[in-house]
$ cat protein.cif   # mmCIF, C-alpha atoms and all ligand atoms
data_entry
loop_
_atom_site.label_atom_id
_atom_site.label_comp_id
_atom_site.auth_asym_id
_atom_site.auth_seq_id
_atom_site.Cartn_x
_atom_site.Cartn_y
_atom_site.Cartn_z
CA MET A 261 104.11 167.02 33.51
CA ASP A 262 104.12 169.50 36.38
CA CYS A 263 100.77 170.26 37.85
CA LEU A 264 100.00 173.92 38.31
CA ASP A 265 96.81 173.30 40.19
CA GLU A 266 97.06 174.66 43.74
CA LYS A 267 96.00 171.32 45.20
CA CYS A 268 99.11 169.64 43.81
CA TYR A 269 101.33 171.54 46.25
CA ILE A 270 100.06 169.15 48.88
CA ARG A 271 101.35 165.99 47.27
CA PRO A 272 100.20 162.73 48.76
CA MET A 273 103.31 161.11 50.22
CA THR A 274 103.94 157.55 49.07
CA TYR A 275 105.23 155.01 51.52
CA ASP A 276 106.86 151.61 51.23
CA TYR A 277 104.13 150.31 53.53
CA ASP A 278 100.78 151.45 54.87
CA TYR A 279 101.03 149.33 58.00
CA THR A 280 104.33 148.43 59.64
CA ILE A 281 104.10 146.09 62.59
CA ILE A 282 107.07 145.56 64.90
CA GLY A 283 107.15 142.11 66.51
CA ALA A 284 105.89 138.74 65.30
CA GLY A 285 104.41 137.44 68.53
CA VAL A 286 100.76 136.50 68.77
CA VAL A 287 99.71 140.17 68.96
CA GLY A 288 101.75 141.34 65.94
CA LEU A 289 100.63 138.34 63.90
CA ALA A 290 96.95 138.93 64.75
CA ALA A 291 97.43 142.58 63.75
CA ALA A 292 99.09 141.55 60.46
CA ALA A 293 96.12 139.28 59.66
CA GLU A 294 93.78 142.20 60.40
CA PHE A 295 95.63 144.85 58.37
CA ALA A 296 97.00 142.91 55.36
CA PRO A 297 93.65 142.95 53.50
CA ARG A 298 93.52 146.77 53.83
CA GLY A 299 96.89 147.90 52.56
CA LEU A 300 100.57 147.13 52.13
CA THR A 301 101.63 145.49 55.39
CA LEU A 302 105.10 144.61 56.69
CA LEU A 303 105.80 142.66 59.85
CA ILE A 304 109.36 143.08 61.18
CA GLU A 305 110.81 140.54 63.59
CA LYS A 306 114.31 140.40 65.07
CA GLU A 307 114.26 136.60 65.52
CA TRP A 308 114.52 133.99 62.71
CA LYS A 309 110.96 132.83 63.24
CA PHE A 310 107.68 134.07 64.67
CA GLY A 311 106.64 133.49 68.28
CA GLN A 312 110.06 133.20 69.90
CA GLY A 313 109.30 135.69 72.71
CA ILE A 314 106.54 135.76 75.33
CA SER A 315 104.10 134.04 73.00
CA SER A 316 105.91 130.69 73.26
CA HIS A 317 106.64 130.91 76.99
CA ASN A 318 103.22 130.94 78.64
CA SER A 319 100.44 128.71 80.03
CA GLU A 320 98.40 128.71 76.77
CA VAL A 321 95.21 129.24 78.75
CA VAL A 322 92.31 130.89 76.98
CA HIS A 323 91.04 132.89 79.92
CA ALA A 324 87.35 133.64 80.37
CA GLY A 325 87.82 137.20 81.75
CA ILE A 326 87.08 136.53 85.40
CA TYR A 327 89.79 138.40 87.29
CA TYR A 328 90.25 141.78 85.64
CA PRO A 329 88.63 145.04 86.79
CA PRO A 330 85.30 145.68 85.04
CA GLY A 331 85.68 148.12 82.17
CA SER A 332 89.45 147.56 81.88
CA LEU A 333 91.04 146.70 78.55
CA LYS A 334 92.18 143.41 80.06
CA ALA A 335 88.57 142.49 80.91
CA ARG A 336 86.96 143.65 77.66
CA LEU A 337 89.61 142.29 75.30
CA CYS A 338 89.91 138.99 77.18
CA VAL A 339 86.17 138.31 77.00
CA GLU A 340 86.06 139.17 73.29
CA GLY A 341 89.31 137.31 72.53
CA ASN A 342 88.01 134.20 74.29
CA ARG A 343 84.95 134.17 72.02
CA ILE A 344 87.01 134.77 68.86
CA ILE A 345 89.62 132.10 69.65
CA ARG A 346 86.96 129.45 70.30
CA GLU A 347 85.30 130.41 67.01
CA LEU A 348 88.63 130.33 65.11
CA ALA A 349 89.40 126.93 66.62
CA ARG A 350 86.06 125.54 65.42
CA GLU A 351 86.34 127.01 61.93
CA HIS A 352 90.05 126.55 61.20
CA GLY A 353 91.04 123.48 63.19
CA ILE A 354 93.34 125.34 65.58
CA GLY A 355 94.26 123.07 68.50
CA TYR A 356 91.92 123.96 71.37
CA ALA A 357 90.87 121.89 74.39
CA PRO A 358 87.66 123.14 76.08
CA LEU A 359 88.75 121.83 79.47
CA GLY A 360 87.04 124.29 81.80
CA LYS A 361 88.69 125.59 84.94
CA TYR A 362 88.24 125.00 88.67
CA ILE A 363 89.31 127.85 90.91
CA VAL A 364 89.78 126.40 94.36
CA ALA A 365 89.70 128.01 97.80
CA THR A 366 91.45 126.17 100.61
CA ASN A 367 89.92 128.05 103.56
CA GLU A 368 87.07 130.39 104.50
CA GLN A 369 89.00 133.56 103.70
CA GLU A 370 89.71 132.33 100.20
CA THR A 371 86.07 131.31 99.81
CA ALA A 372 85.10 134.92 100.53
CA TYR A 373 87.47 135.89 97.73
CA LEU A 374 85.73 133.44 95.37
CA THR A 375 82.39 135.07 96.19
CA TRP A 376 83.87 138.42 95.20
CA LEU A 377 85.46 136.87 92.08
CA LYS A 378 82.16 135.40 90.88
CA GLY A 379 80.57 138.87 91.14
CA ASN A 380 83.52 140.43 89.33
CA ALA A 381 83.22 137.89 86.52
CA ALA A 382 79.51 138.68 86.16
CA GLN A 383 80.32 142.40 85.86
CA ASN A 384 82.69 141.49 83.03
CA GLY A 385 79.82 139.67 81.31
CA VAL A 386 81.12 136.23 82.28
CA THR A 387 77.89 134.89 83.73
CA ASP A 388 78.52 131.16 83.39
CA VAL A 389 80.90 130.87 86.36
CA ARG A 390 79.22 128.70 89.00
CA TRP A 391 79.79 127.23 92.44
CA VAL A 392 80.69 123.56 92.45
CA GLU A 393 79.22 121.06 94.90
CA PRO A 394 81.88 119.04 96.81
CA ASP A 395 80.56 115.80 95.22
CA GLU A 396 81.02 117.20 91.74
CA LEU A 397 84.56 118.38 92.43
CA HIS A 398 85.39 115.00 93.97
CA GLU A 399 83.99 113.17 90.96
CA GLN A 400 85.72 115.42 88.39
CA GLU A 401 89.03 115.98 90.19
CA PRO A 402 89.33 113.34 92.94
CA ASP A 403 92.86 114.38 93.91
CA VAL A 404 92.09 118.07 94.44
CA ARG A 405 91.39 119.27 97.98
CA ALA A 406 89.23 122.37 98.40
CA HIS A 407 87.11 124.24 100.91
CA SER A 408 85.02 125.49 97.99
CA ALA A 409 85.40 125.91 94.25
CA LEU A 410 84.12 127.79 91.22
CA PHE A 411 83.91 126.32 87.74
CA SER A 412 84.45 128.35 84.57
CA PRO A 413 83.27 126.36 81.53
CA THR A 414 84.71 128.68 78.86
CA SER A 415 88.33 128.56 80.03
CA GLY A 416 90.43 126.26 77.87
CA ILE A 417 93.84 125.58 76.36
CA VAL A 418 94.93 126.68 72.91
CA ASP A 419 97.89 125.48 70.89
CA SER A 420 99.56 128.89 70.73
CA HIS A 421 101.83 127.84 67.86
CA SER A 422 98.89 126.76 65.73
CA LEU A 423 97.04 130.01 66.57
CA MET A 424 100.07 132.07 65.50
CA SER A 425 100.51 129.97 62.33
CA HIS A 426 96.89 130.66 61.48
CA PHE A 427 97.35 134.44 61.77
CA LYS A 428 100.58 134.27 59.75
CA THR A 429 98.91 132.30 56.96
CA GLN A 430 95.96 134.72 56.88
CA ALA A 431 98.36 137.67 56.64
CA GLU A 432 100.43 135.98 53.91
CA LEU A 433 97.38 135.10 51.86
CA ALA A 434 96.35 138.76 52.00
CA GLY A 435 99.80 139.78 50.73
CA ALA A 436 101.67 140.84 53.88
CA ASP A 437 105.49 140.88 53.78
CA PHE A 438 107.58 139.46 56.60
CA ALA A 439 111.10 140.55 57.49
CA PHE A 440 112.66 138.04 59.91
CA ASN A 441 116.17 138.39 61.37
CA SER A 442 115.52 142.13 61.19
CA ARG A 443 115.78 144.37 64.21
CA VAL A 444 114.22 147.83 64.31
CA GLU A 445 117.00 150.09 65.57
CA GLY A 446 115.62 153.57 64.99
CA ILE A 447 112.39 155.38 64.21
CA ASN A 448 112.24 158.84 62.70
CA LYS A 449 109.06 160.79 62.39
CA GLN A 450 108.78 162.49 58.99
CA THR A 451 106.49 165.36 58.01
CA SER A 452 104.06 162.61 57.32
CA GLY A 453 104.65 158.99 58.31
CA TYR A 454 107.82 157.38 59.67
CA THR A 455 111.18 156.04 58.55
CA LEU A 456 112.34 152.87 60.29
CA ALA A 457 116.01 151.90 60.43
CA ILE A 458 116.42 148.14 60.31
CA LEU A 459 119.52 146.03 60.94
CA ASP A 460 119.47 142.45 59.62
CA SER A 461 121.42 139.49 60.94
CA ASN A 462 124.09 139.91 58.20
CA GLY A 463 124.81 143.36 59.57
CA GLU A 464 123.10 145.10 56.67
CA LYS A 465 121.17 148.29 57.34
CA THR A 466 118.03 149.30 55.46
CA ALA A 467 115.40 151.96 55.90
CA ILE A 468 111.74 151.72 55.04
CA THR A 469 109.00 154.31 55.12
CA ALA A 470 105.62 153.65 56.67
CA ARG A 471 102.38 155.55 56.98
CA THR A 472 101.58 153.89 60.31
CA VAL A 473 103.63 151.98 62.88
CA ILE A 474 102.20 149.42 65.29
CA ASN A 475 104.50 148.61 68.19
CA CYS A 476 103.90 144.97 69.22
CA ALA A 477 107.45 144.37 70.50
CA GLY A 478 106.45 142.61 73.74
CA LEU A 479 109.26 142.81 76.30
CA TYR A 480 110.91 145.60 74.27
CA SER A 481 107.82 147.66 73.46
CA ASP A 482 108.92 150.44 75.83
CA GLU A 483 112.25 150.68 73.98
CA ILE A 484 110.43 151.01 70.64
CA ALA A 485 108.22 153.76 72.09
CA ALA A 486 111.38 155.54 73.30
CA MET A 487 112.93 155.23 69.81
CA ALA A 488 109.91 157.11 68.48
CA GLY A 489 110.66 159.93 70.91
CA LEU A 490 108.44 159.24 73.93
CA ASP A 491 109.88 159.73 77.40
CA VAL A 492 108.68 156.35 78.63
CA ARG A 493 109.92 156.78 82.18
CA ALA A 494 108.12 160.12 82.62
CA LEU A 495 104.97 158.60 81.12
CA GLY A 496 105.18 155.57 83.45
CA LEU A 497 105.57 153.25 80.47
CA ASP A 498 108.89 151.63 81.30
CA LEU A 499 108.58 147.88 81.65
CA HIS A 500 109.59 145.72 84.59
CA TRP A 501 110.31 142.11 83.78
CA ALA A 502 108.91 139.38 86.02
CA LYS A 503 110.07 135.84 85.37
CA GLY A 504 108.27 132.61 86.21
CA TYR A 505 109.10 128.91 86.15
CA TYR A 506 106.99 125.92 85.15
CA TYR A 507 107.42 122.43 86.55
CA THR A 508 106.34 118.88 85.84
CA VAL A 509 105.92 116.22 88.48
CA GLU A 510 107.84 113.00 87.96
CA GLY A 511 105.96 109.76 88.61
CA ALA A 512 102.81 111.71 89.51
CA LYS A 513 100.38 109.73 91.65
CA PHE A 514 97.50 112.04 90.83
CA ARG A 515 95.47 112.89 87.76
CA ILE A 516 94.24 116.30 86.59
CA ARG A 517 91.67 116.61 83.85
CA HIS A 518 90.79 120.31 84.00
CA LEU A 519 92.65 123.53 84.61
CA VAL A 520 93.00 123.94 88.38
CA TYR A 521 93.84 127.37 89.80
CA PRO A 522 94.33 128.52 93.38
CA VAL A 523 93.11 132.00 94.33
CA PRO A 524 95.48 134.58 92.85
CA ASP A 525 98.20 136.63 94.44
CA PRO A 526 96.60 139.65 96.25
CA ASN A 527 98.08 142.31 93.92
CA MET A 528 97.66 140.07 90.86
CA LYS A 529 101.40 139.73 90.29
CA SER A 530 100.33 136.31 89.02
CA LEU A 531 97.28 134.05 89.03
CA GLY A 532 99.11 131.66 91.38
CA VAL A 533 100.95 128.41 90.72
CA HIS A 534 98.24 126.61 88.80
CA ALA A 535 97.90 123.21 87.18
CA THR A 536 97.28 123.14 83.47
CA VAL A 537 96.89 120.27 81.07
CA ASP A 538 98.59 120.98 77.77
CA ILE A 539 97.11 120.12 74.40
CA ALA A 540 98.91 116.73 74.48
CA GLY A 541 97.45 115.92 77.93
CA GLY A 542 100.62 116.56 79.98
CA VAL A 543 100.24 118.29 83.36
CA ARG A 544 102.39 121.29 84.20
CA PHE A 545 102.51 123.57 87.22
CA GLY A 546 103.39 127.24 87.28
CA PRO A 547 104.30 129.90 86.66
CA THR A 548 106.01 131.31 89.71
CA ALA A 549 106.58 135.08 89.67
CA PHE A 550 109.60 137.16 90.67
CA TYR A 551 110.92 140.46 89.37
CA LEU A 552 114.29 140.50 87.60
CA ASP A 553 116.94 143.02 88.68
CA ARG A 554 118.36 143.16 85.17
CA ARG A 555 116.47 143.02 81.91
CA GLU A 556 117.97 139.95 80.31
CA GLU A 557 115.90 137.66 78.09
CA ASP A 558 117.25 134.54 79.71
CA TYR A 559 114.95 131.54 79.93
CA SER A 560 117.37 129.38 81.93
CA PHE A 561 116.20 127.69 85.10
CA SER A 562 117.20 127.79 88.75
CA ASP A 563 115.70 125.62 91.48
CA GLU A 564 115.87 128.20 94.24
CA ASN A 565 112.25 128.20 95.31
CA LEU A 566 111.36 124.54 94.89
CA SER A 567 110.03 124.03 98.41
CA ALA A 568 107.78 127.11 98.18
CA VAL A 569 106.44 125.82 94.86
CA ALA A 570 105.78 122.33 96.25
CA GLU A 571 104.00 123.90 99.22
CA ALA A 572 101.86 126.16 97.00
CA ILE A 573 100.75 123.20 94.88
CA SER A 574 100.19 120.82 97.78
CA ARG A 575 97.70 123.24 99.34
CA TYR A 576 95.20 122.12 96.71
CA LEU A 577 96.88 118.94 95.49
CA PRO A 578 98.28 117.18 98.57
CA GLY A 579 101.30 114.98 98.24
CA VAL A 580 103.33 116.97 95.73
CA ALA A 581 106.85 116.91 97.14
CA VAL A 582 109.99 118.88 96.31
CA ASP A 583 111.83 115.82 95.01
CA GLY A 584 109.04 115.10 92.52
CA LEU A 585 109.24 118.50 90.81
CA SER A 586 111.36 118.96 87.74
CA ALA A 587 112.11 122.02 85.64
CA MET A 588 110.11 122.41 82.47
CA MET A 589 110.28 125.93 81.03
CA SER A 590 110.17 129.58 82.01
CA GLY A 591 108.53 132.78 80.82
CA ILE A 592 109.04 136.52 81.32
CA ARG A 593 106.18 138.98 81.86
CA PRO A 594 106.33 142.57 80.55
CA LYS A 595 104.88 144.45 83.52
CA LEU A 596 103.99 148.11 83.76
CA SER A 597 103.77 147.78 87.54
CA ALA A 598 106.99 147.57 89.53
CA SER A 599 107.44 145.04 92.33
CA GLY A 600 104.85 145.60 95.09
CA GLU A 601 102.70 147.95 93.00
CA PRO A 602 99.13 147.05 92.07
CA ALA A 603 98.54 145.50 88.64
CA ARG A 604 98.14 147.88 85.71
CA ASP A 605 95.97 147.62 82.61
CA PHE A 606 97.26 147.07 79.07
CA TYR A 607 98.52 150.29 77.46
CA ILE A 608 97.10 150.41 73.91
CA ARG A 609 97.07 153.87 72.41
CA GLU A 610 97.34 155.83 69.17
CA GLU A 611 99.79 158.61 69.99
CA SER A 612 98.56 161.57 67.85
CA ASP A 613 98.24 163.81 70.88
CA ARG A 614 101.88 163.14 71.76
CA GLY A 615 102.98 164.22 68.29
CA LEU A 616 103.03 160.73 66.74
CA PRO A 617 99.99 160.40 64.44
CA GLY A 618 99.49 156.87 63.12
CA PHE A 619 101.79 155.40 65.78
CA VAL A 620 100.14 152.81 68.03
CA ASN A 621 101.88 151.59 71.17
CA LEU A 622 101.02 148.32 72.86
CA ILE A 623 102.93 148.15 76.13
CA GLY A 624 102.52 145.84 79.12
CA ILE A 625 100.73 143.11 77.16
CA GLU A 626 101.07 140.49 79.85
CA SER A 627 98.42 137.86 80.65
CA PRO A 628 95.71 137.62 79.27
CA GLY A 629 97.46 138.87 76.12
CA LEU A 630 97.39 135.51 74.33
CA THR A 631 93.63 135.26 74.81
CA ALA A 632 93.07 138.91 73.98
CA ALA A 633 95.31 139.03 70.85
CA PRO A 634 92.59 138.81 68.16
CA ALA A 635 90.47 141.39 70.00
CA ILE A 636 93.52 143.65 70.42
CA ALA A 637 94.03 143.53 66.63
CA LYS A 638 90.46 144.76 66.12
CA MET A 639 90.98 147.51 68.67
CA ILE A 640 94.12 148.75 66.86
CA ASP A 641 92.06 148.92 63.69
CA GLN A 642 89.53 151.15 65.44
CA LEU A 643 92.30 153.38 66.80
CA LEU A 644 93.78 153.90 63.35
C1 LIG A 701 104.67 133.12 82.25
C2 LIG A 701 103.54 133.67 81.39
C3 LIG A 701 102.31 133.00 81.36
C4 LIG A 701 101.28 133.50 80.57
N1 LIG A 701 100.11 132.80 80.47
C5 LIG A 701 99.12 133.26 79.69
C6 LIG A 701 97.92 132.51 79.53
O1 LIG A 701 97.79 131.41 80.04
N2 LIG A 701 96.92 133.06 78.79
C7 LIG A 701 97.03 134.28 78.20
O2 LIG A 701 96.07 134.72 77.57
N3 LIG A 701 98.19 134.98 78.27
C8 LIG A 701 99.23 134.49 78.98
N4 LIG A 701 100.40 135.18 79.05
C9 LIG A 701 100.53 136.42 78.31
C10 LIG A 701 100.82 136.20 76.84
O3 LIG A 701 101.74 135.15 76.64
C11 LIG A 701 101.36 137.51 76.24
O4 LIG A 701 100.48 138.55 76.57
C12 LIG A 701 101.48 137.45 74.73
O5 LIG A 701 102.17 136.29 74.31
C13 LIG A 701 102.22 138.70 74.27
O6 LIG A 701 102.44 138.61 72.90
P1 LIG A 701 103.24 139.74 72.14
O7 LIG A 701 103.05 139.48 70.70
O8 LIG A 701 102.84 141.07 72.69
O9 LIG A 701 104.77 139.57 72.60
P2 LIG A 701 105.90 138.58 72.04
O10 LIG A 701 105.38 137.24 71.80
O11 LIG A 701 107.07 138.69 72.95
O12 LIG A 701 106.26 139.21 70.64
C14 LIG A 701 107.04 140.38 70.51
C15 LIG A 701 108.02 140.18 69.40
O13 LIG A 701 108.69 141.41 69.14
C16 LIG A 701 109.99 141.10 68.72
N5 LIG A 701 110.82 142.31 68.86
C17 LIG A 701 111.13 142.94 70.01
N6 LIG A 701 111.91 144.02 69.75
C18 LIG A 701 112.08 144.07 68.42
C19 LIG A 701 112.79 144.95 67.54
N7 LIG A 701 113.50 146.00 68.00
N8 LIG A 701 112.75 144.70 66.21
C20 LIG A 701 112.06 143.65 65.71
N9 LIG A 701 111.39 142.77 66.50
C21 LIG A 701 111.38 142.99 67.83
C22 LIG A 701 110.38 139.98 69.65
O14 LIG A 701 111.47 139.23 69.15
C23 LIG A 701 109.10 139.18 69.75
O15 LIG A 701 109.05 138.11 68.83
C24 LIG A 701 101.47 134.69 79.83
C25 LIG A 701 102.71 135.35 79.86
C26 LIG A 701 103.74 134.83 80.61
C27 LIG A 701 105.08 135.50 80.61
#
$ encode --input "protein.cif" --output "structure tokens"
Amino acid sequence: MDCLDEKCYIRPMTYDYDYTIIGAGVVGLAAAAEFAPRGLTLLIEKEWKFGQGISSHNSEVVHAGIYYPPGSLKARLCVEGNRIIRELAREHGIGYAPLGKYIVATNEQETAYLTWLKGNAAQNGVTDVRWVEPDELHEQEPDVRAHSALFSPTSGIVDSHSLMSHFKTQAELAGADFAFNSRVEGINKQTSGYTLAILDSNGEKTAITARTVINCAGLYSDEIAAMAGLDVRALGLDLHWAKGYYYTVEGAKFRIRHLVYPVPDPNMKSLGVHATVDIAGGVRFGPTAFYLDRREEDYSFSDENLSAVAEAISRYLPGVAVDGLSAMMSGIRPKLSASGEPARDFYIREESDRGLPGFVNLIGIESPGLTAAPAIAKMIDQLL
């Protein structure tokens, strides 16, 4: 029956989904777990399985929040994410190793940097970072050489696959739908909400309507923002890809029991070629960092810079030689800063004032995005 009441002229629009999330990496999965209990939620992923992008090509370090500028999203979300991940690990049996991290200076200049870093950490609320006496470092990490060192007790390693599985299960239990092998190819803003054009791996096209869209597309998040109509270049939101390699050392004559980091690159292109111990106890070094000329998601390996890598490691772990290093894996960072530019913060924003109400962009979610993911999901909730 037609309604003649004036109010009925403004009909509430119905959508296929309340929350549509693009990208099943750690950030999209954490968001799906957050939103599924509140409304119809769909997570769309172009690959056959979750976590095939940046989220499975990283160091798996749960960072404490030491390096990032006070007040930045990176600092706030890292500190909160660190707390949440350790809690989730305790409560849900997610693989987590509370190793702690030594940050080592190899000369006086780097020691001055550590002094600054300790103060920066304190401003971020990370007050448990402490100086380490030489005897302690020698006892804990006998093979590491340092002029001075800081220790961060709340840095650890998480099994990123088990963390992502946890978020996926939580989302599924709350009724979320997942569309794998499905690539978002177009986004049209409607009078209210959005229509998304999706192409699946059989070449079939579908369209779904959504009240809100959350762009968690990692390396391609700038392309998704452009599909929605934003001029990403003019807004300074186009991504630059920076690749990095990880290495193992064959027949290693040393032992590492904690995370060991050098002082970072001056413009924070990376945190330096560090040593991490994975959840199974294996030591890996990396990642290196270099900008790619072409955006190609290619994780293949080249040995070009082996001697520079060996030199970087042997500054704090003497005796690592080029012929001992072997290729392990690589990762690609989605950077908002171009080569030579200072590091930028995460871009996480609801775009109402750019004509896209209910559209949230997450762009430039590089490190510490794995650590920050659960806190990012809560922030998106606040934005919406
Ligand atoms: C070398 C390296 C080391 C790092 N080390 C650490 C670390 O130790 N600690 C830490 O906290 N962080 C670290 N990070 C950062 C962390 O890994 C990332 O911030 C995090 O994984 C980003 O997750 P994401 O979900 O945003 O992206 P992704 O995992 O890439 O997920 C995005 C997903 O979107 C999908 N997608 C893209 N376009 C479309 C489309 N059109 N349609 C459908 N699906 C689409 C992709 O297939 C992908 O699965 C590191 C990163 C790198 C590269």
$ axis_aligned_box --input "protein.cif" --around "ligand LIG 701 (chain A)" --padding-each-side "5 Å" --output "lines of an AutoDock Vina configuration file"
center_x = 104.8
center_y = 138.7
center_z = 74.0
size_x = 27.4
size_y = 24.6
size_z = 26.5
$ residues_near_ligand --input "protein.cif" --ligand "ligand LIG 701 (chain A)" --cutoff "7 Å" --atoms "only C-alpha atoms and all ligand atoms" --output "JSON, numbers by chain"
{"A": [282, 283, 284, 285, 286, 287, 288, 304, 305, 306, 307, 310, 311, 312, 313, 314, 315, 316, 317, 318, 319, 320, 321, 322, 323, 442, 443, 444, 445, 476, 477, 478, 479, 480, 481, 484, 503, 504, 547, 590, 591, 592, 593, 625, 626, 627, 628, 629, 630, 631, 632]}
$ atom_distance --input "protein.cif" --atom1 "atom CA of A:Arg405" --atom2 "atom CA of A:Leu577"
6.0 Å
$ residues_near_point --input "protein.cif" --point "(84.2, 128.1, 88.5)" --cutoff "10 Å" --atoms "all atoms listed in the file" --output "ChimeraX atom specification"
/A:326,360-364,374,377-378,388-392,408-415,520-521
$ closest_residue --input "protein.cif" --among "A:Val523, A:Leu302, A:Ile345, A:Ala324" --to "A:Ile468" --atoms "all atoms listed in the file"
A:Leu302
$ closest_residue --input "protein.cif" --among "A:Leu566, A:Met424, A:Ala485, A:Ile539" --to "A:Gly355" --atoms "all atoms listed in the file"
A:Ile539
$ residues_near_point --input "protein.cif" --point "(89.5, 114.6, 92.0)" --cutoff "10 Å" --atoms "only C-alpha atoms" --output "compact mmCIF listing (two decimals) with C-alpha atoms, in the coordinates of the input"
# COMPACT_ATOMS: atom_id res chain seq x y z
CA ASP A 395 80.56 115.80 95.22
CA GLU A 396 81.02 117.20 91.74
CA LEU A 397 84.56 118.38 92.43
CA HIS A 398 85.39 115.00 93.97
CA GLU A 399 83.99 113.17 90.96
CA GLN A 400 85.72 115.42 88.39
CA GLU A 401 89.03 115.98 90.19
CA PRO A 402 89.33 113.34 92.94
CA ASP A 403 92.86 114.38 93.91
CA VAL A 404 92.09 118.07 94.44
CA ARG A 405 91.39 119.27 97.98
CA PHE A 514 97.50 112.04 90.83
CA ARG A 515 95.47 112.89 87.76
CA ILE A 516 94.24 116.30 86.59
CA ARG A 517 91.67 116.61 83.85
CA HIS A 518 90.79 120.31 84.00
CA LEU A 577 96.88 118.94 95.49
$ residues_around --input "protein.cif" --residues "A:Lys428" --least-positions-apart "3" --cutoff "9 Å" --atoms "only C-alpha atoms" --output "ChimeraX atom specification"
/A:284,289-290,292-293,310,423-425,431-433,436
$ closest_residue --input "protein.cif" --among "A:Leu333, A:Ile573, A:Leu585, A:Leu303" --to "A:Thr280" --atoms "all atoms listed in the file"
A:Leu303
$ closest_residue --input "protein.cif" --among "A:Val533, A:Ala598, A:Leu359, A:Leu495" --to "A:Val418" --atoms "only C-alpha atoms"
A:Leu359
$ atom_distance --input "protein.cif" --atom1 "atom CA of A:Asp437" --atom2 "atom CA of A:Asp276"
11.1 Å
$ residues_around --input "protein.cif" --residues "A:Gly463" --least-positions-apart "2" --cutoff "12 Å" --atoms "all atoms listed in the file" --output "PyMOL selection string"
chain A and resi 441-443+445+458-461+465-466
$ build_atoms --input "protein.cif" --residues "stretch 426-441 of chain A" --atoms "N, CA and C atoms" --output "CSV table (one decimal), in the coordinates of the input"
chain,number,residue,atom,x,y,z
A,426,HIS,N,98.1,130.3,62.2
A,426,HIS,CA,96.9,130.7,61.5
A,426,HIS,C,96.9,132.1,61.1
A,427,PHE,N,97.3,133.0,62.1
A,427,PHE,CA,97.4,134.4,61.8
A,427,PHE,C,98.4,134.7,60.7
A,428,LYS,N,99.5,134.0,60.8
A,428,LYS,CA,100.6,134.3,59.8
A,428,LYS,C,100.1,133.9,58.4
A,429,THR,N,99.4,132.7,58.3
A,429,THR,CA,98.9,132.3,57.0
A,429,THR,C,97.9,133.3,56.4
A,430,GLN,N,97.0,133.8,57.3
A,430,GLN,CA,96.0,134.7,56.9
A,430,GLN,C,96.6,136.0,56.3
A,431,ALA,N,97.7,136.4,57.1
A,431,ALA,CA,98.4,137.7,56.6
A,431,ALA,C,99.1,137.4,55.3
A,432,GLU,N,99.7,136.3,55.2
A,432,GLU,CA,100.4,136.0,53.9
A,432,GLU,C,99.5,135.9,52.7
A,433,LEU,N,98.3,135.2,53.0
A,433,LEU,CA,97.4,135.1,51.9
A,433,LEU,C,96.9,136.5,51.4
A,434,ALA,N,96.8,137.4,52.4
A,434,ALA,CA,96.4,138.8,52.0
A,434,ALA,C,97.5,139.6,51.5
A,435,GLY,N,98.7,139.1,51.4
A,435,GLY,CA,99.8,139.8,50.7
A,435,GLY,C,100.8,140.5,51.7
A,436,ALA,N,100.7,140.2,53.0
A,436,ALA,CA,101.7,140.8,53.9
A,436,ALA,C,103.1,140.4,53.6
A,437,ASP,N,104.1,141.2,53.8
A,437,ASP,CA,105.5,140.9,53.8
A,437,ASP,C,106.0,140.6,55.2
A,438,PHE,N,107.0,139.7,55.3
A,438,PHE,CA,107.6,139.5,56.6
A,438,PHE,C,109.1,139.7,56.5
A,439,ALA,N,109.6,140.4,57.5
A,439,ALA,CA,111.1,140.6,57.5
A,439,ALA,C,111.6,139.9,58.8
A,440,PHE,N,112.1,138.7,58.7
A,440,PHE,CA,112.7,138.0,59.9
A,440,PHE,C,114.1,138.4,60.0
A,441,ASN,N,114.7,138.0,61.1
A,441,ASN,CA,116.2,138.4,61.4
A,441,ASN,C,116.4,139.9,61.2
